[in-house]
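Notes to accompany the following structure.
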Amino acid sequence: MEQIRIYQDYVAAVVIPLIIIAIPLYGMIKRVPVYESFVEGAKEGFKIGVMIMPYIVAIFVAIGVFRASGAMEKMEDFTRPVLTYIGFPPEVLPMAIIRPLTGGGSSGVVAELAEEHGTDSMITRMAATMFGSTETTFYVLAVYFGAVNVKKTRHALPAGLIADVLAIFLSVYIIRLMFP
Amino acid sequence: MLNYIWAGLIIIGVFFALWQDGGDFRHDRYRNGEAIAVEIMGLPPGYLDQEPTGRIDVQVNITPTTYLEFFDPIDNHKKALDPEEAKDLRDQIETYLAEPIDAQFVTTDSGRELHIAFGELAPYPLDVIFDAKKDDYGRLPSDIMDIVSDSDEPTHATARIKLGHVGFVTVKTVTAAMFKKAEAAIALAISLVGVIALWMGLMKIAEDAKLIDVFVKLVRPVLGPLFPQIPKDHPALGLIAINLAANMLALGNAATPLGIKAMESLQELNKEKDTATDSMVMLLAMNTASVQLLPPVTLIAIMGLAATELFLPIFLVTLISLAVAITSAKLLGRMRMFKKTDPMRPNNPNAQKGGAA
């Protein structure tokens with residue numbers, strides 16, 4: 001396990017630099033005007049950054065009020081006995097609830113937890129893994145089926161939610177395993 | 001649903017705060033308007049007999065016994081303390097009050113005041129009073145009710161002081177948190193923009209270089225068995241492959257239009273236009289649990305370098321959840337209640353003209 005952890009640490013250290021050289025290199029081989037493409041994409045990125053602002057404000061304020069009032073602590077104390085039994089920290093419960101409903105909002109939850117607990121705390125890591133490994137199921141369903149006017153979605157929602165719930169629990173256990 | 005959760009958080013938060021503050025009033029936790037006995041040290045001899053103005057530095061002593069009797073912080077705490085927490089609080093009070101506390105003795109036209117620098121380490125409920133009422137210099141102004149100089153020790157005096165009225169502490173905290181968080185949210189979002197732009201720039205190069213084709217080649221062969229209702233050479237399979245590949249690279253914005261194209265293509269094969277086919281359900285299930293080679297760009301921006309450590313866990317979790325999504329889509333599709341609504345079932349009475357493959 002220790003060996004795997006060291007290995008994982010090394011891989012983590014080089015993965016981003018690797019992507020940053022591999023993509024422009026591949027682009028140059030394919031004769032893409034890399035600089036212009038980059039600027040084009042960065043413009044798009046700017047729009048995304050602005051787009052998520054209202055979501056982050058909405059979530060920060062709502063969770064901030066809930067936390068400052070002491071209600072969060074009460075909820076954590078209340079759910080702790082049950083959740084600890086299954087190895088689930090009560091602090092990540094809001095993430096598990098909000099994740100299938102809103103993408104922007106759940107990125108706000110990750111950011112809020114990162115601010116409260118730090119980016120290398122167990123809780124933030126769990127929430128971040130949940131965020132990265134599940135989708136906004138309700139939104140995806142609404143958009144995809146809405147686009148083709150399908151109203152009877154049959155087993156699409158149950159199948160999606162089963163995968164989501166599983167991914168949420170797996171995120172908790174895998175982080176416990178990899179960052180003890 | 002989301003509307004209820006969002007509004008619920010705020011409404012419950014504010015009501016909870018009001019309820020807490022109501023408890024503070026009911027139990028008079030901060031002893032508003034009552035005076036506590038203190039000992040003042042470091043006064044110049046005969047100082048109290050003069051009528052001076054201005055301020056001098058002194059030190060203040062409160063005995064733990066007086067503190068415990070005055071506030072009754074263990075039994076009158078806003079939380080129900082378990083024995084260990086009660087012991088911790090008692091220890092904190094003993095340690096904190098063992099040393100004299102720095103203060104200023106202030107004489108104004110309206111009377112004598114003691115400005116006490118209780119600081120961050122003050123025990124409950126003094127910490128709350130201090131936080132609510134401290135001045136810009138980090139001292140808590142308090143009114144001196146009566147003061148008697150010590151007959152044995154000319155620099156010492158005993159006095160009773162009023163620490164000031166405290167109420168609606170939690171509501172005030174909540175209001176402050178609301179503004180502070182709204183401000184912090186935008187500060188954070190702005191700090192994210194740079195990394196998001198960097199990442200999206202790189203992804204745009206990947207898109208223009210058709211890097212996605214490499215992944216389409218990887219995905220394509222496994223799709224046939226998962227979508228048995230799609231004829232082998234139908235364009236739907238290719239579209240699904242591109243959509244899933246885009247999802248693997250976290251190209252969310254590019255993946256959605258591709259997915260919608262794939263859905264339209266599947267709709268052409270559909271015999272009952274308002275009902276989802278098994279293939280559509282499978283596509284959706286694979287989309288909601290798609291394998292993530294790269295995490296979403298906002299996550300990388302929020303987590304910074306810590307995100308790199310999460311690439312592997314996220315990849316593993318999505319790999320397993322994808323397998324489960326596929327299995328559950330297949331198994332649920334075999335259940336009677338879903339099987340009998342399959343638009344592609346043989347002899348479907350609702351089948352529309354022109355829908356057949």
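Quick note on naming: the chains in the structure tokens go A, B, ... in the order shown, residues restart at 1 in each chain, and ligands are numbered from 1 in order of appearance.
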
Just want the 10 Å neighbourhood of Leu284 in chain B, counted on only C-alpha atoms, with same-chain residues fewer than 3 positions away dropped. Output as a compact mmCIF listing (two decimals) with N, CA, C and O atoms, in the first residue's frame.
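So part_27.txt came out as:
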```
# COMPACT_ATOMS: atom_id res chain seq x y z
N THR A 137 -27.40 14.50 -12.82
CA THR A 137 -28.29 13.56 -13.49
C THR A 137 -29.61 14.18 -13.95
O THR A 137 -30.03 13.99 -15.09
N VAL A 140 -29.02 16.49 -16.96
CA VAL A 140 -28.71 15.74 -18.19
C VAL A 140 -29.98 15.11 -18.75
O VAL A 140 -30.25 15.19 -19.95
N LEU A 141 -30.77 14.51 -17.87
CA LEU A 141 -32.02 13.89 -18.31
C LEU A 141 -32.94 14.93 -18.95
O LEU A 141 -33.51 14.70 -20.02
N TYR A 144 -31.34 16.15 -22.43
CA TYR A 144 -31.28 15.15 -23.50
C TYR A 144 -32.68 14.72 -23.95
O TYR A 144 -32.97 14.67 -25.14
N PHE A 145 -33.53 14.40 -22.98
CA PHE A 145 -34.87 13.96 -23.36
C PHE A 145 -35.70 15.13 -23.86
O PHE A 145 -36.51 14.98 -24.77
N ALA A 156 -34.59 5.38 -17.12
CA ALA A 156 -33.39 6.22 -17.22
C ALA A 156 -33.01 6.86 -15.88
O ALA A 156 -31.84 6.84 -15.48
N LEU A 157 -34.00 7.41 -15.15
CA LEU A 157 -33.70 8.06 -13.88
C LEU A 157 -33.20 7.06 -12.83
O LEU A 157 -32.16 7.30 -12.21
N ALA A 159 -31.70 4.21 -13.25
CA ALA A 159 -30.35 3.74 -13.61
C ALA A 159 -29.31 4.81 -13.30
O ALA A 159 -28.25 4.52 -12.72
N GLY A 160 -29.63 6.07 -13.66
CA GLY A 160 -28.69 7.16 -13.39
C GLY A 160 -28.46 7.38 -11.91
O GLY A 160 -27.33 7.57 -11.46
N GLY B 259 -24.21 14.92 -27.57
CA GLY B 259 -25.15 13.97 -26.99
C GLY B 259 -26.55 14.19 -27.54
O GLY B 259 -27.28 13.22 -27.81
N MET B 263 -28.97 11.66 -29.51
CA MET B 263 -30.36 11.40 -29.13
C MET B 263 -31.28 11.56 -30.33
O MET B 263 -32.20 10.75 -30.54
N ASP B 278 -34.56 1.60 -25.11
CA ASP B 278 -33.48 1.07 -24.28
C ASP B 278 -32.16 1.74 -24.61
O ASP B 278 -31.34 2.00 -23.73
N SER B 279 -31.95 2.03 -25.90
CA SER B 279 -30.68 2.66 -26.31
C SER B 279 -30.55 4.05 -25.70
O SER B 279 -29.47 4.44 -25.26
N MET B 280 -31.68 4.80 -25.68
CA MET B 280 -31.64 6.13 -25.08
C MET B 280 -31.30 6.05 -23.60
O MET B 280 -30.48 6.82 -23.09
N VAL B 281 -31.96 5.13 -22.91
CA VAL B 281 -31.69 4.96 -21.49
C VAL B 281 -30.22 4.61 -21.27
O VAL B 281 -29.56 5.16 -20.38
N ASN B 287 -23.86 8.48 -19.80
CA ASN B 287 -23.51 9.90 -19.69
C ASN B 287 -23.43 10.36 -18.24
O ASN B 287 -22.54 11.12 -17.87
N THR B 288 -24.39 9.91 -17.41
CA THR B 288 -24.39 10.38 -16.03
C THR B 288 -23.25 9.74 -15.24
O THR B 288 -22.84 10.27 -14.22
N ALA B 289 -22.74 8.62 -15.70
CA ALA B 289 -21.64 7.97 -14.97
C ALA B 289 -20.44 7.80 -15.89
O ALA B 289 -19.81 6.77 -15.90
N SER B 290 -20.10 8.83 -16.66
CA SER B 290 -19.05 8.63 -17.65
C SER B 290 -17.67 8.54 -17.00
O SER B 290 -17.41 9.18 -15.99
N ALA B 325 -23.73 1.52 -13.90
CA ALA B 325 -24.77 2.19 -14.68
C ALA B 325 -25.20 1.31 -15.86
O ALA B 325 -26.40 1.15 -16.13
N ILE B 326 -24.22 0.72 -16.54
CA ILE B 326 -24.54 -0.14 -17.69
C ILE B 326 -25.35 -1.35 -17.22
O ILE B 326 -26.38 -1.68 -17.78
N ALA B 329 -28.87 -0.31 -16.17
CA ALA B 329 -29.70 0.00 -17.33
C ALA B 329 -30.17 -1.29 -18.01
O ALA B 329 -31.32 -1.43 -18.40
```

Can you tell me, as number ranges by chain, what residues are no more than 7 Å from range 42-45 of chain A when counting only C-alpha atoms, ignoring any on the same chain fewer than 5 positions away? B: 196-198, 200-201

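In this structure, CA of Gly27 in chain A sits 5.0 Å away from CA of Ala209 in chain B.
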
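What separates CA of Ala128 in chain A from CA of Ile56 in chain A is a distance of 15.1 Å.
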
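Every protein or nucleic acid residue with an atom no more than 12 Å from range 345-351 of chain B, counting only C-alpha atoms and leaving out same-chain residues fewer than 4 positions away, appears here: Gln229, Leu269, Asn270, Lys271, Glu272, Lys273, Asp274, Thr275, Thr277, Asp278, Gly333, Arg334, Phe338, Lys339, Lys340, Thr341, Gly355, Ala356 and Ala357 of chain B.
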
Contacts of Leu93 in chain A at 10 Å (only C-alpha atoms; same-chain gap of 6+ positions) as an MDAnalysis selection string: chainID A and resid 75:76 79 83 127 168

Helix (DSSP H, G or I) positions in range 11-234 of chain B, given as an MDAnalysis selection string: chainID B and resid 11:27 47:49 64:71 83:98 126:133 169:208 212:226

When you look at Thr136 in chain A with a cut-off of 8 Å (counting only C-alpha atoms), what residues show up, excluding the ones that are within fewer than 6 positions of it in the same chain? I need them as a JSON list (two decimals) with N, CA and C atoms, in the first residue's frame.
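The file below, selection-v4.json, is the result:
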```
[["chain", "number", "residue", "atom", "x", "y", "z"],
["A", 99, "ARG", "N", -25.44, 17.43, -5.39],
["A", 99, "ARG", "CA", -24.73, 17.02, -6.60],
["A", 99, "ARG", "C", -25.62, 16.65, -7.79],
["A", 100, "PRO", "N", -26.65, 15.78, -7.63],
["A", 100, "PRO", "CA", -27.42, 15.42, -8.82],
["A", 100, "PRO", "C", -28.29, 16.56, -9.34],
["A", 101, "LEU", "N", -28.44, 17.64, -8.55],
["A", 101, "LEU", "CA", -29.39, 18.69, -8.91],
["A", 101, "LEU", "C", -28.76, 19.85, -9.67],
["A", 102, "THR", "N", -27.55, 20.25, -9.28],
["A", 102, "THR", "CA", -26.94, 21.41, -9.94],
["A", 102, "THR", "C", -25.43, 21.29, -10.01],
["A", 103, "GLY", "N", -24.90, 21.48, -11.22],
["A", 103, "GLY", "CA", -23.45, 21.41, -11.41],
["A", 103, "GLY", "C", -22.75, 22.62, -10.84],
["B", 288, "THR", "N", -24.39, 9.91, -17.41],
["B", 288, "THR", "CA", -24.39, 10.38, -16.03],
["B", 288, "THR", "C", -23.25, 9.74, -15.24]]
```
